[in-house]
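Structure file coords_15.txt; described as compact mmCIF, C-alpha atoms.
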# COMPACT_ATOMS: atom_id res chain seq x y z
CA MET A 166 0.00 0.00 0.00
CA LYS A 167 2.82 2.41 0.83
CA LYS A 168 4.42 1.94 -2.56
CA SER A 169 1.05 2.34 -4.27
CA LEU A 170 0.43 5.65 -2.51
CA LEU A 171 3.92 6.82 -3.42
CA VAL A 172 3.31 6.13 -7.10
CA MET A 173 0.00 7.97 -6.95
CA ALA A 174 1.55 10.96 -5.21
CA ILE A 175 4.25 11.22 -7.85
CA VAL A 176 2.12 10.89 -10.95
CA LEU A 177 -1.56 11.58 -10.24
CA ALA A 178 -1.53 14.97 -11.91
CA VAL A 179 0.22 13.73 -15.01
CA ALA A 180 -2.40 12.61 -17.47
CA ALA A 181 -5.36 14.93 -17.11
CA PRO A 182 -5.47 17.12 -20.24
CA SER A 183 -5.10 20.77 -19.29
CA PHE A 184 -5.94 22.40 -22.65
CA ALA A 185 -4.68 25.91 -21.73
CA ASN A 186 -1.30 24.37 -21.00
CA HIS A 187 -0.32 20.82 -21.72
CA SER A 188 2.82 19.92 -19.86
CA TRP A 189 2.74 16.24 -18.96
CA GLY A 190 2.81 16.72 -15.19
CA GLY A 191 5.89 18.94 -15.33
CA TYR A 192 8.02 15.99 -16.42
CA HIS A 193 11.14 17.05 -18.29
CA TRP A 194 14.68 16.09 -19.15
CA ALA A 195 17.18 17.60 -16.70
CA ARG A 196 19.86 19.74 -18.29
CA LYS A 197 22.37 22.34 -17.16
CA ALA A 198 22.11 24.47 -20.31
CA ASN A 199 19.70 25.31 -23.11
CA PRO A 200 19.26 24.36 -25.85
CA PHE A 201 20.00 20.67 -25.53
CA THR A 202 19.77 17.81 -27.98
CA LEU A 203 17.94 14.53 -27.39
CA LYS A 204 19.08 11.47 -29.29
CA VAL A 205 16.13 9.66 -30.87
CA GLY A 206 17.04 6.06 -31.66
CA ASN A 207 15.54 4.74 -34.88
CA ASN A 208 14.71 1.05 -34.36
CA LEU A 209 12.00 1.15 -37.04
CA THR A 210 11.80 -1.79 -39.41
CA THR A 211 10.42 -0.11 -42.55
CA SER A 212 11.42 2.90 -44.63
CA ASP A 213 7.84 4.13 -44.33
CA TRP A 214 8.01 4.38 -40.55
CA SER A 215 11.50 5.85 -40.72
CA GLY A 216 10.14 8.54 -43.02
CA HIS A 217 7.43 9.40 -40.52
CA LEU A 218 9.97 9.65 -37.70
CA SER A 219 12.19 11.87 -39.85
CA GLN A 220 9.23 14.14 -40.63
CA ALA A 221 8.13 14.34 -36.99
CA ASN A 222 11.68 15.11 -35.90
CA SER A 223 11.94 17.89 -38.48
CA ASP A 224 8.58 19.34 -37.44
CA TRP A 225 9.47 19.45 -33.74
CA ASN A 226 12.85 21.04 -34.48
CA ALA A 227 11.14 23.78 -36.51
CA GLY A 228 9.75 25.44 -33.39
CA ASN A 229 12.97 27.05 -32.13
CA THR A 230 12.45 25.58 -28.66
CA PRO A 231 15.10 24.55 -26.10
CA VAL A 232 14.42 20.91 -27.03
CA HIS A 233 16.41 19.87 -30.07
CA SER A 234 16.38 16.29 -31.29
CA THR A 235 18.42 14.26 -33.71
CA VAL A 236 17.57 10.85 -35.17
CA VAL A 237 20.36 8.31 -34.80
CA SER A 238 20.67 4.58 -35.21
CA GLY A 239 18.81 2.77 -32.45
CA THR A 240 20.55 0.62 -29.87
CA SER A 241 17.38 -1.14 -28.80
CA ASN A 242 15.26 -3.47 -30.93
CA SER A 243 11.64 -3.75 -32.08
CA ASN A 244 10.61 -4.59 -28.50
CA CYS A 245 11.87 -1.14 -27.53
CA ALA A 246 14.05 -1.58 -24.48
CA MET A 247 14.82 1.73 -22.79
CA VAL A 248 18.31 3.15 -23.19
CA ALA A 249 19.56 5.65 -20.62
CA GLY A 250 19.55 9.27 -21.77
CA THR A 251 17.70 8.63 -25.02
CA ILE A 252 14.35 8.14 -26.70
CA GLN A 253 13.99 4.82 -28.53
CA VAL A 254 11.33 4.58 -31.25
CA CYS A 255 10.05 1.23 -32.51
CA ASN A 256 7.37 -0.47 -34.56
CA LYS A 257 6.28 -4.08 -34.42
CA SER A 258 3.16 -6.24 -34.59
CA TYR A 259 2.76 -6.17 -30.83
CA GLY A 260 -0.54 -8.05 -31.03
CA SER A 261 -4.27 -7.36 -30.73
CA ASN A 262 -3.80 -5.91 -27.26
CA GLY A 263 -5.86 -2.78 -27.85
CA TRP A 264 -3.25 -0.06 -28.26
CA LEU A 265 -2.24 1.88 -31.32
CA GLY A 266 0.60 3.91 -29.82
CA LEU A 267 2.48 3.70 -26.52
CA ALA A 268 4.79 6.25 -24.87
CA SER A 269 6.73 5.44 -21.70
CA ILE A 270 9.06 7.60 -19.62
CA ASN A 271 11.37 6.63 -16.79
CA LEU A 272 11.44 9.19 -13.97
CA GLN A 273 14.45 9.54 -11.72
CA SER A 274 13.60 8.55 -8.16
CA GLY A 275 11.92 11.38 -6.25
CA THR A 276 12.02 13.82 -9.18
CA LYS A 277 10.15 14.78 -12.34
CA HIS A 278 13.27 14.23 -14.42
CA ILE A 279 12.96 11.97 -17.45
CA THR A 280 15.99 9.72 -17.77
CA GLN A 281 14.95 7.58 -20.75
CA GLY A 282 11.88 6.89 -22.82
CA THR A 283 10.29 4.89 -25.62
CA ALA A 284 7.65 5.41 -28.29
CA LYS A 285 6.04 2.31 -29.84
CA MET A 286 3.77 1.95 -32.90
CA ASN A 287 1.66 -1.20 -33.08
CA ASP A 288 1.66 -2.62 -36.61
CA THR A 289 -1.04 -5.13 -35.68
CA TYR A 290 -3.41 -2.18 -36.14
CA PHE A 291 -1.43 0.01 -38.51
CA ASN A 292 -1.35 -2.80 -41.07
CA THR A 293 -5.16 -2.89 -41.23
CA SER A 294 -7.23 -0.85 -43.65
CA THR A 295 -8.56 1.34 -40.83
CA TYR A 296 -5.19 2.77 -39.77
CA ASN A 297 -2.87 2.10 -42.69
CA ASN A 298 -2.63 5.59 -44.15
CA LYS A 299 0.19 8.11 -44.03
CA ASN A 300 -1.73 10.78 -42.12
CA GLU A 301 -2.75 8.55 -39.22
CA ARG A 302 0.77 7.15 -39.00
CA GLU A 303 2.26 10.65 -38.95
CA HIS A 304 -0.24 11.86 -36.34
CA VAL A 305 0.54 9.03 -33.93
CA MET A 306 4.31 9.14 -34.50
CA CYS A 307 4.39 12.90 -33.92
CA GLN A 308 2.35 12.56 -30.72
CA GLU A 309 4.13 9.58 -29.14
CA VAL A 310 7.59 11.10 -29.58
CA ALA A 311 6.40 14.41 -28.09
CA HIS A 312 5.02 12.67 -25.01
CA VAL A 313 8.61 11.65 -24.29
CA PHE A 314 9.64 15.32 -24.58
CA GLY A 315 7.18 16.01 -21.74
CA LEU A 316 4.07 17.15 -23.62
CA ASP A 317 0.49 16.08 -22.88
CA HIS A 318 -2.51 16.34 -25.20
CA GLN A 319 -4.01 19.69 -26.09
CA SER A 320 -7.43 18.07 -26.51
CA THR A 321 -8.95 14.60 -26.28
CA ASP A 322 -12.50 15.28 -27.50
CA GLY A 323 -11.79 14.17 -31.08
CA SER A 324 -11.88 17.62 -32.62
CA SER A 325 -8.91 18.96 -34.53
CA LEU A 326 -6.88 21.81 -33.08
CA ASN A 327 -4.52 21.21 -35.98
CA THR A 328 -1.88 19.70 -33.73
CA CYS A 329 -0.67 16.14 -33.47
CA MET A 330 -1.24 16.55 -29.72
CA ASP A 331 -5.01 16.32 -30.15
CA TYR A 332 -7.22 13.26 -30.73
CA PHE A 333 -8.52 13.99 -34.17
CA SER A 334 -8.51 10.66 -36.00
CA ASN A 335 -7.07 10.56 -39.51
CA THR A 336 -9.12 7.46 -40.35
CA GLY A 337 -12.31 6.69 -42.26
CA SER A 338 -13.61 9.78 -44.05
CA ASN A 339 -10.67 11.74 -42.56
CA ALA A 340 -7.99 9.42 -43.92
CA GLY A 341 -7.02 11.92 -46.59
CA SER A 342 -6.83 14.85 -44.17
CA THR A 343 -3.46 16.21 -43.07
CA ALA A 344 -5.06 18.02 -40.11
CA SER A 345 -3.40 17.28 -36.76
CA THR A 346 -0.31 15.68 -38.24
CA LYS A 347 2.16 18.35 -37.06
CA PRO A 348 2.83 20.47 -33.98
CA ASN A 349 1.23 23.90 -33.76
CA SER A 350 2.48 27.15 -32.22
CA HIS A 351 1.02 26.32 -28.81
CA ASP A 352 3.06 23.09 -28.69
CA TYR A 353 6.23 25.07 -29.29
CA SER A 354 5.25 27.65 -26.68
CA GLU A 355 4.57 24.92 -24.14
CA LEU A 356 7.99 23.35 -24.67
CA LYS A 357 9.57 26.76 -24.08
CA THR A 358 7.62 27.05 -20.83
CA ILE A 359 8.50 23.53 -19.65
CA TYR A 360 12.20 24.12 -20.30
CA ASN A 361 12.49 27.75 -19.18
CA HIS A 362 14.56 26.75 -16.14
CA LEU A 363 17.84 24.89 -15.75
CA ASP A 364 18.75 21.92 -13.56
CA SER A 365 21.90 20.94 -11.70
CA SER A 366 22.50 17.82 -13.79
CA ASN A 367 21.86 16.29 -17.20
CA THR A 368 19.68 13.23 -17.68
CA TYR A 369 19.98 13.17 -21.47
CA SER A 370 22.90 11.46 -23.17
CA SER A 371 25.54 13.69 -24.73
CA ILE A 372 27.69 10.79 -25.93
CA SER A 373 27.42 8.69 -29.05
CA PHE A 374 25.82 5.26 -28.87
CA THR A 375 28.16 2.33 -28.70
CA GLY A 376 25.81 -0.09 -30.37
CA ASP A 377 25.89 -2.28 -27.27
CA ARG A 378 22.56 -1.87 -25.49
CA SER A 379 23.90 -3.39 -22.28
CA GLU A 380 26.30 -0.47 -21.79
CA ASN A 381 23.45 2.04 -21.82
CA PHE A 382 20.69 0.04 -20.17
CA TYR A 383 20.45 -0.19 -16.41
CA LEU A 384 17.07 -1.50 -15.26
CA PRO A 385 17.02 -4.83 -13.41
CA GLU A 386 16.38 -7.73 -15.77
CA GLU A 387 12.96 -8.49 -14.30
CA GLU A 388 11.96 -4.87 -14.94
CA ASP A 389 13.20 -4.71 -18.53
CA THR A 390 10.60 -2.52 -20.25
CA ALA A 391 11.32 -4.13 -23.62
CA ASN A 392 8.43 -6.53 -23.16
CA TRP A 393 6.01 -4.19 -21.39
CA ASP A 394 3.30 -4.44 -24.02
CA SER A 395 0.21 -4.99 -21.87
CA PRO A 396 -1.41 -3.55 -18.71
CA ALA A 397 -0.02 -6.43 -16.67
CA GLN A 398 3.41 -4.77 -16.93
CA TRP A 399 2.35 -1.09 -16.77
CA GLY A 400 1.36 -0.96 -13.11
CA GLU A 401 -1.50 1.07 -11.66
CA VAL A 402 -4.05 3.06 -13.63
CA ILE A 403 -3.62 6.68 -12.57
CA ASP A 404 -5.84 8.43 -15.10
CA ALA A 405 -8.01 7.96 -18.17
CA THR A 406 -9.81 10.34 -20.50
CA MET A 407 -13.59 10.35 -20.40
CA ASP A 408 -13.82 9.20 -24.02
CA GLY A 409 -11.67 6.18 -23.23
CA ARG A 410 -8.99 6.85 -25.84
CA THR A 411 -6.14 7.32 -23.35
CA THR A 412 -5.17 5.57 -20.15
CA THR A 413 -2.09 6.40 -18.08
CA TYR A 414 -0.33 3.87 -15.88
CA ALA A 415 2.53 4.06 -13.39
CA ARG A 416 4.86 1.45 -11.96
CA GLU A 417 7.50 1.98 -9.32
CA LEU A 418 10.73 0.09 -9.91
CA SER A 419 12.98 -1.52 -7.33
CA ASN A 420 15.49 1.33 -7.63
CA GLY A 421 12.82 3.92 -6.76
CA ASP A 422 12.36 5.20 -10.29
CA VAL A 423 8.85 5.35 -11.73
CA VAL A 424 7.86 4.37 -15.26
CA VAL A 425 4.81 6.25 -16.54
CA THR A 426 3.08 4.87 -19.64
CA CYS A 427 0.53 6.73 -21.75
CA VAL A 428 -1.60 4.40 -23.89
CA TYR A 429 -3.33 5.55 -27.07
CA TRP A 430 -6.05 2.94 -27.55
CA ALA A 431 -7.30 1.91 -30.96
CA HIS A 432 -10.96 2.66 -31.67
CA GLU A 433 -11.76 -1.02 -31.15
CA ALA A 434 -10.51 -0.84 -27.58
CA ASP A 435 -11.59 2.59 -26.33
CA ARG A 436 -14.38 3.24 -23.81
CA GLY A 437 -14.35 0.93 -20.84
CA HIS A 438 -10.80 1.23 -19.52
CA ALA A 439 -10.44 1.64 -15.79
CA MET A 440 -10.39 5.00 -14.06
CA PRO A 441 -8.29 5.62 -10.93
CA GLY A 442 -10.03 4.14 -7.91
CA ASP A 443 -11.92 1.51 -9.89
CA ASN A 444 -11.47 -2.10 -8.84
CA GLN A 445 -8.70 -3.61 -10.89

Translate the structure described by the file into structure tokens.
Amino acid sequence: MKKSLLVMAIVLAVAAPSFANHSWGGYHWARKANPFTLKVGNNLTTSDWSGHLSQANSDWNAGNTPVHSTVVSGTSNSNCAMVAGTIQVCNKSYGSNGWLGLASINLQSGTKHITQGTAKMNDTYFNTSTYNNKNEREHVMCQEVAHVFGLDHQSTDGSSLNTCMDYFSNTGSNAGSTASTKPNSHDYSELKTIYNHLDSSNTYSSISFTGDRSENFYLPEEEDTANWDSPAQWGEVIDATMDGRTTTYARELSNGDVVVTCVYWAHEADRGHAMPGDNQ
């Protein structure tokens, strides 16, 4: 019970969309100077997905914010193990487990400092006719990567604010629409606000990858997030949107860090996910 309350105290305010400002609970990468550059590991298995990551990276860098990012070769794999100081991006047929996109961040014990993160795209759904179009892929890629920057949604009601941080769906009759596939000016402004202070240390990696994941990866083996593809691994539900499209989970690790996971459910799986306080 004590550990459960600790997790809740750390992350309860994280997932509720705030609309006027959309920091994800104040979570951010620690750094001693601005701007700083995050390494985004490309573990994607197709040129199509790699193109979407490249586009999203370019779009986020266009905002002249303190957060710069550069796409580099991944040191993880399609399961998306976390690598200290980096964001690892992956795609795979993760199964009919309900989620379309998944963003996870590791928080340094007792702080709101992100130390590593992952963004996963589930090809089990993206390879179906419902989701297999370039605009939906770009929307989800853009959003999942930005969650690991520390951004929450601007809106979850399904309308388009013309930002990838809303829940407009580029499917069905909207499959040809490019609305909500890129950041907007408010996203850039929010990143400037989140990173308008400095910290006493850096949690992002300023060194080149070695190619050996074991040198960069430090979680205990039994807590390896590479295979955290279902709620059984994500921990406690701490929040969910009223429309059921997003659920946020938190799990405290043995070293005191907390992994927070934001789940973007496919249409087939939305509505009916647990809210905090429900019986699990």

Could I get the residues of range 214-303 of chain A with an atom no further than 8 Å from an atom of range 399-421 of chain A, each paired with its nearest atom pair and that distance in Å to one decimal, using only C-alpha atoms, sorted by chain and residue number, as CSV?
residue,atom,partner,partner_atom,distance
A:Gln273,CA,A:Gly421,CA,7.7
A:Ser274,CA,A:Gly421,CA,4.9
A:Gly275,CA,A:Gly421,CA,7.5

List as CSV every residue of range 291-387 of chain A that is in contact with range 227-236 of chain A, defined as an atom at most 9 Å from one of its atoms (using all atoms listed in the file), together with the nearest atom pair and the distance in Å rounded to one decimal, sorted by chain and then rising number.
residue,atom,partner,partner_atom,distance
A:Phe314,CA,A:Val232,CA,7.8
A:Pro348,CA,A:Gly228,CA,8.5
A:Asn349,CA,A:Gly228,CA,8.7
A:Ser350,CA,A:Gly228,CA,7.6
A:Asp352,CA,A:Gly228,CA,8.5
A:Tyr353,CA,A:Gly228,CA,5.4
A:Ser354,CA,A:Thr230,CA,7.7
A:Leu356,CA,A:Thr230,CA,6.4
A:Lys357,CA,A:Thr230,CA,5.5
A:Tyr360,CA,A:Pro231,CA,6.5
A:Asn361,CA,A:Pro231,CA,8.1

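Comparing the minimum interatomic distances between Ser219 in chain A and each of A:Ala268, A:Gly323, A:Gly337, A:Met306, counting all atoms listed in the file, we find that A:Met306 sits nearest.
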
Residues within 7 Å of Ser238 in chain A, please, as a PyMOL selection string. Count all atoms listed in the file; anything in the same chain fewer than 3 positions from it doesn't count. chain A and resi 206-208

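Compared by their closest atoms to His217 in chain A, and using all atoms listed in the file, the residues A:Asn271, A:Thr346, A:Gln398, A:Thr293 rank with A:Thr346 nearest.
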
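Minimum atom-to-atom distances from A:Val310, A:Leu265, A:Leu326, A:Leu203 to Tyr296 in chain A were compared using only C-alpha atoms, and the lowest value belongs to A:Leu265.
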
To one decimal in Å, tell me the separation between CA of Cys427 in chain A and CA of Glu309 in chain A. 8.7 Å

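By chain and then residue number, the residues within 6 Å of Asn256 in chain A are Leu209, Ser243, Lys285, Met286 and Asn287 of chain A, counting only C-alpha atoms and disregarding those fewer than 5 positions away in sequence.
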
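Taking CA of Leu267 in chain A and CA of Asp394 in chain A as the two end points, the separation is 8.6 Å.
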
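Ranking A:Thr283, A:Ser345, A:Ser366, A:Ser223 by their shortest atom-to-atom distance to Phe333 in chain A, with all atoms listed in the file included, puts A:Ser345 first.
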
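Distance-wise, CA of Tyr192 in chain A and CA of His432 in chain A end up 27.8 Å apart.
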
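In terms of minimum interatomic distance to Tyr259 in chain A, A:Thr289 ranks closest within A:Thr289, A:Asp331, A:Ser241, A:Asp317, counting all atoms listed in the file.
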
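Closest to His187 in chain A among A:Thr358, A:Asn327, A:Thr202, A:Thr210 is A:Thr358, based on all atoms listed in the file.
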
Got a sec to check which residues sit within 7 Å of (14.3, 16.5, -15.3), counting only C-alpha atoms, and write them as an mmCIF file with C-alpha atoms, in the frame of the given file?
data_model
loop_
_atom_site.group_PDB
_atom_site.id
_atom_site.type_symbol
_atom_site.label_atom_id
_atom_site.label_comp_id
_atom_site.auth_asym_id
_atom_site.auth_seq_id
_atom_site.Cartn_x
_atom_site.Cartn_y
_atom_site.Cartn_z
ATOM 1 C CA TYR A 192 8.020 15.990 -16.420
ATOM 2 C CA HIS A 193 11.140 17.050 -18.290
ATOM 3 C CA TRP A 194 14.680 16.090 -19.150
ATOM 4 C CA ALA A 195 17.180 17.600 -16.700
ATOM 5 C CA LYS A 277 10.150 14.780 -12.340
ATOM 6 C CA HIS A 278 13.270 14.230 -14.420
ATOM 7 C CA ILE A 279 12.960 11.970 -17.450
ATOM 8 C CA THR A 368 19.680 13.230 -17.680
#

Nearby residues, (15.8, 7.5, -20.2) file frame, 9 Å, all atoms listed in the file, as a PyMOL selection string: chain A and resi 194+247-253+270-273+279-283+368-370+382

Missing atoms of range 269-302 of chain A rebuilt to N, CA and C atoms, written as a PDB file, in the coordinates of the input:
ATOM      1  N   SER A 269       6.326   5.696 -23.079  1.00  0.00           N
ATOM      2  CA  SER A 269       6.730   5.440 -21.700  1.00  0.00           C
ATOM      3  C   SER A 269       7.930   6.301 -21.344  1.00  0.00           C
ATOM      4  N   ILE A 270       7.926   6.832 -20.118  1.00  0.00           N
ATOM      5  CA  ILE A 270       9.060   7.600 -19.620  1.00  0.00           C
ATOM      6  C   ILE A 270       9.495   7.048 -18.280  1.00  0.00           C
ATOM      7  N   ASN A 271      10.796   7.038 -18.063  1.00  0.00           N
ATOM      8  CA  ASN A 271      11.370   6.630 -16.790  1.00  0.00           C
ATOM      9  C   ASN A 271      11.742   7.888 -16.015  1.00  0.00           C
ATOM     10  N   LEU A 272      11.197   8.019 -14.792  1.00  0.00           N
ATOM     11  CA  LEU A 272      11.440   9.190 -13.970  1.00  0.00           C
ATOM     12  C   LEU A 272      12.439   8.868 -12.875  1.00  0.00           C
ATOM     13  N   GLN A 273      13.431   9.709 -12.749  1.00  0.00           N
ATOM     14  CA  GLN A 273      14.450   9.540 -11.720  1.00  0.00           C
ATOM     15  C   GLN A 273      13.802   9.582 -10.341  1.00  0.00           C
ATOM     16  N   SER A 274      14.209   8.705  -9.475  1.00  0.00           N
ATOM     17  CA  SER A 274      13.600   8.550  -8.160  1.00  0.00           C
ATOM     18  C   SER A 274      13.438   9.892  -7.437  1.00  0.00           C
ATOM     19  N   GLY A 275      12.198  10.196  -7.019  1.00  0.00           N
ATOM     20  CA  GLY A 275      11.920  11.380  -6.250  1.00  0.00           C
ATOM     21  C   GLY A 275      11.915  12.678  -7.021  1.00  0.00           C
ATOM     22  N   THR A 276      11.978  12.605  -8.360  1.00  0.00           N
ATOM     23  CA  THR A 276      12.020  13.820  -9.180  1.00  0.00           C
ATOM     24  C   THR A 276      11.021  13.710 -10.334  1.00  0.00           C
ATOM     25  N   LYS A 277      10.924  14.784 -11.093  1.00  0.00           N
ATOM     26  CA  LYS A 277      10.150  14.780 -12.340  1.00  0.00           C
ATOM     27  C   LYS A 277      11.083  14.759 -13.550  1.00  0.00           C
ATOM     28  N   HIS A 278      12.280  14.252 -13.357  1.00  0.00           N
ATOM     29  CA  HIS A 278      13.270  14.230 -14.420  1.00  0.00           C
ATOM     30  C   HIS A 278      13.170  12.953 -15.243  1.00  0.00           C
ATOM     31  N   ILE A 279      12.962  13.100 -16.526  1.00  0.00           N
ATOM     32  CA  ILE A 279      12.960  11.970 -17.450  1.00  0.00           C
ATOM     33  C   ILE A 279      14.396  11.530 -17.677  1.00  0.00           C
ATOM     34  N   THR A 280      14.641  10.242 -17.551  1.00  0.00           N
ATOM     35  CA  THR A 280      15.990   9.720 -17.770  1.00  0.00           C
ATOM     36  C   THR A 280      16.109   8.876 -19.029  1.00  0.00           C
ATOM     37  N   GLN A 281      14.977   8.383 -19.534  1.00  0.00           N
ATOM     38  CA  GLN A 281      14.950   7.580 -20.750  1.00  0.00           C
ATOM     39  C   GLN A 281      13.489   7.376 -21.141  1.00  0.00           C
ATOM     40  N   GLY A 282      13.257   7.069 -22.404  1.00  0.00           N
ATOM     41  CA  GLY A 282      11.880   6.890 -22.820  1.00  0.00           C
ATOM     42  C   GLY A 282      11.764   6.110 -24.111  1.00  0.00           C
ATOM     43  N   THR A 283      10.555   5.643 -24.391  1.00  0.00           N
ATOM     44  CA  THR A 283      10.290   4.890 -25.620  1.00  0.00           C
ATOM     45  C   THR A 283       8.977   5.340 -26.236  1.00  0.00           C
ATOM     46  N   ALA A 284       8.883   5.174 -27.539  1.00  0.00           N
ATOM     47  CA  ALA A 284       7.650   5.410 -28.290  1.00  0.00           C
ATOM     48  C   ALA A 284       7.446   4.219 -29.221  1.00  0.00           C
ATOM     49  N   LYS A 285       6.312   3.529 -29.077  1.00  0.00           N
ATOM     50  CA  LYS A 285       6.040   2.310 -29.840  1.00  0.00           C
ATOM     51  C   LYS A 285       4.816   2.505 -30.739  1.00  0.00           C
ATOM     52  N   MET A 286       4.882   1.961 -31.958  1.00  0.00           N
ATOM     53  CA  MET A 286       3.770   1.950 -32.900  1.00  0.00           C
ATOM     54  C   MET A 286       3.388   0.496 -33.158  1.00  0.00           C
ATOM     55  N   ASN A 287       2.106   0.186 -32.995  1.00  0.00           N
ATOM     56  CA  ASN A 287       1.660  -1.200 -33.080  1.00  0.00           C
ATOM     57  C   ASN A 287       1.163  -1.541 -34.485  1.00  0.00           C
ATOM     58  N   ASP A 288       1.993  -2.272 -35.230  1.00  0.00           N
ATOM     59  CA  ASP A 288       1.660  -2.620 -36.610  1.00  0.00           C
ATOM     60  C   ASP A 288       0.495  -3.595 -36.715  1.00  0.00           C
ATOM     61  N   THR A 289       0.146  -4.260 -35.633  1.00  0.00           N
ATOM     62  CA  THR A 289      -1.040  -5.130 -35.680  1.00  0.00           C
ATOM     63  C   THR A 289      -2.249  -4.323 -36.129  1.00  0.00           C
ATOM     64  N   TYR A 290      -2.317  -3.057 -35.717  1.00  0.00           N
ATOM     65  CA  TYR A 290      -3.410  -2.180 -36.140  1.00  0.00           C
ATOM     66  C   TYR A 290      -3.041  -1.349 -37.354  1.00  0.00           C
ATOM     67  N   PHE A 291      -1.815  -0.853 -37.397  1.00  0.00           N
ATOM     68  CA  PHE A 291      -1.430   0.010 -38.510  1.00  0.00           C
ATOM     69  C   PHE A 291      -1.386  -0.734 -39.846  1.00  0.00           C
ATOM     70  N   ASN A 292      -1.328  -2.035 -39.828  1.00  0.00           N
ATOM     71  CA  ASN A 292      -1.350  -2.800 -41.070  1.00  0.00           C
ATOM     72  C   ASN A 292      -2.759  -3.149 -41.527  1.00  0.00           C
ATOM     73  N   THR A 293      -3.775  -2.670 -40.805  1.00  0.00           N
ATOM     74  CA  THR A 293      -5.160  -2.890 -41.230  1.00  0.00           C
ATOM     75  C   THR A 293      -5.650  -1.703 -42.046  1.00  0.00           C
ATOM     76  N   SER A 294      -6.715  -1.910 -42.773  1.00  0.00           N
ATOM     77  CA  SER A 294      -7.230  -0.850 -43.650  1.00  0.00           C
ATOM     78  C   SER A 294      -7.681   0.371 -42.869  1.00  0.00           C
ATOM     79  N   THR A 295      -8.086   0.204 -41.626  1.00  0.00           N
ATOM     80  CA  THR A 295      -8.560   1.340 -40.830  1.00  0.00           C
ATOM     81  C   THR A 295      -7.446   2.352 -40.570  1.00  0.00           C
ATOM     82  N   TYR A 296      -6.264   1.876 -40.233  1.00  0.00           N
ATOM     83  CA  TYR A 296      -5.190   2.770 -39.770  1.00  0.00           C
ATOM     84  C   TYR A 296      -4.038   2.919 -40.756  1.00  0.00           C
ATOM     85  N   ASN A 297      -4.036   2.119 -41.810  1.00  0.00           N
ATOM     86  CA  ASN A 297      -2.870   2.100 -42.690  1.00  0.00           C
ATOM     87  C   ASN A 297      -2.949   3.235 -43.720  1.00  0.00           C
ATOM     88  N   ASN A 298      -2.778   4.467 -43.239  1.00  0.00           N
ATOM     89  CA  ASN A 298      -2.630   5.590 -44.150  1.00  0.00           C
ATOM     90  C   ASN A 298      -1.590   6.547 -43.580  1.00  0.00           C
ATOM     91  N   LYS A 299      -0.966   7.309 -44.441  1.00  0.00           N
ATOM     92  CA  LYS A 299       0.190   8.110 -44.030  1.00  0.00           C
ATOM     93  C   LYS A 299      -0.159   9.175 -43.009  1.00  0.00           C
ATOM     94  N   ASN A 300      -1.380   9.700 -43.046  1.00  0.00           N
ATOM     95  CA  ASN A 300      -1.730  10.780 -42.120  1.00  0.00           C
ATOM     96  C   ASN A 300      -1.931  10.265 -40.693  1.00  0.00           C
ATOM     97  N   GLU A 301      -2.580   9.114 -40.555  1.00  0.00           N
ATOM     98  CA  GLU A 301      -2.750   8.550 -39.220  1.00  0.00           C
ATOM     99  C   GLU A 301      -1.400   8.117 -38.643  1.00  0.00           C
ATOM    100  N   ARG A 302      -0.557   7.551 -39.472  1.00  0.00           N
ATOM    101  CA  ARG A 302       0.770   7.150 -39.000  1.00  0.00           C
ATOM    102  C   ARG A 302       1.572   8.369 -38.537  1.00  0.00           C
TER     103      ARG A 302
END
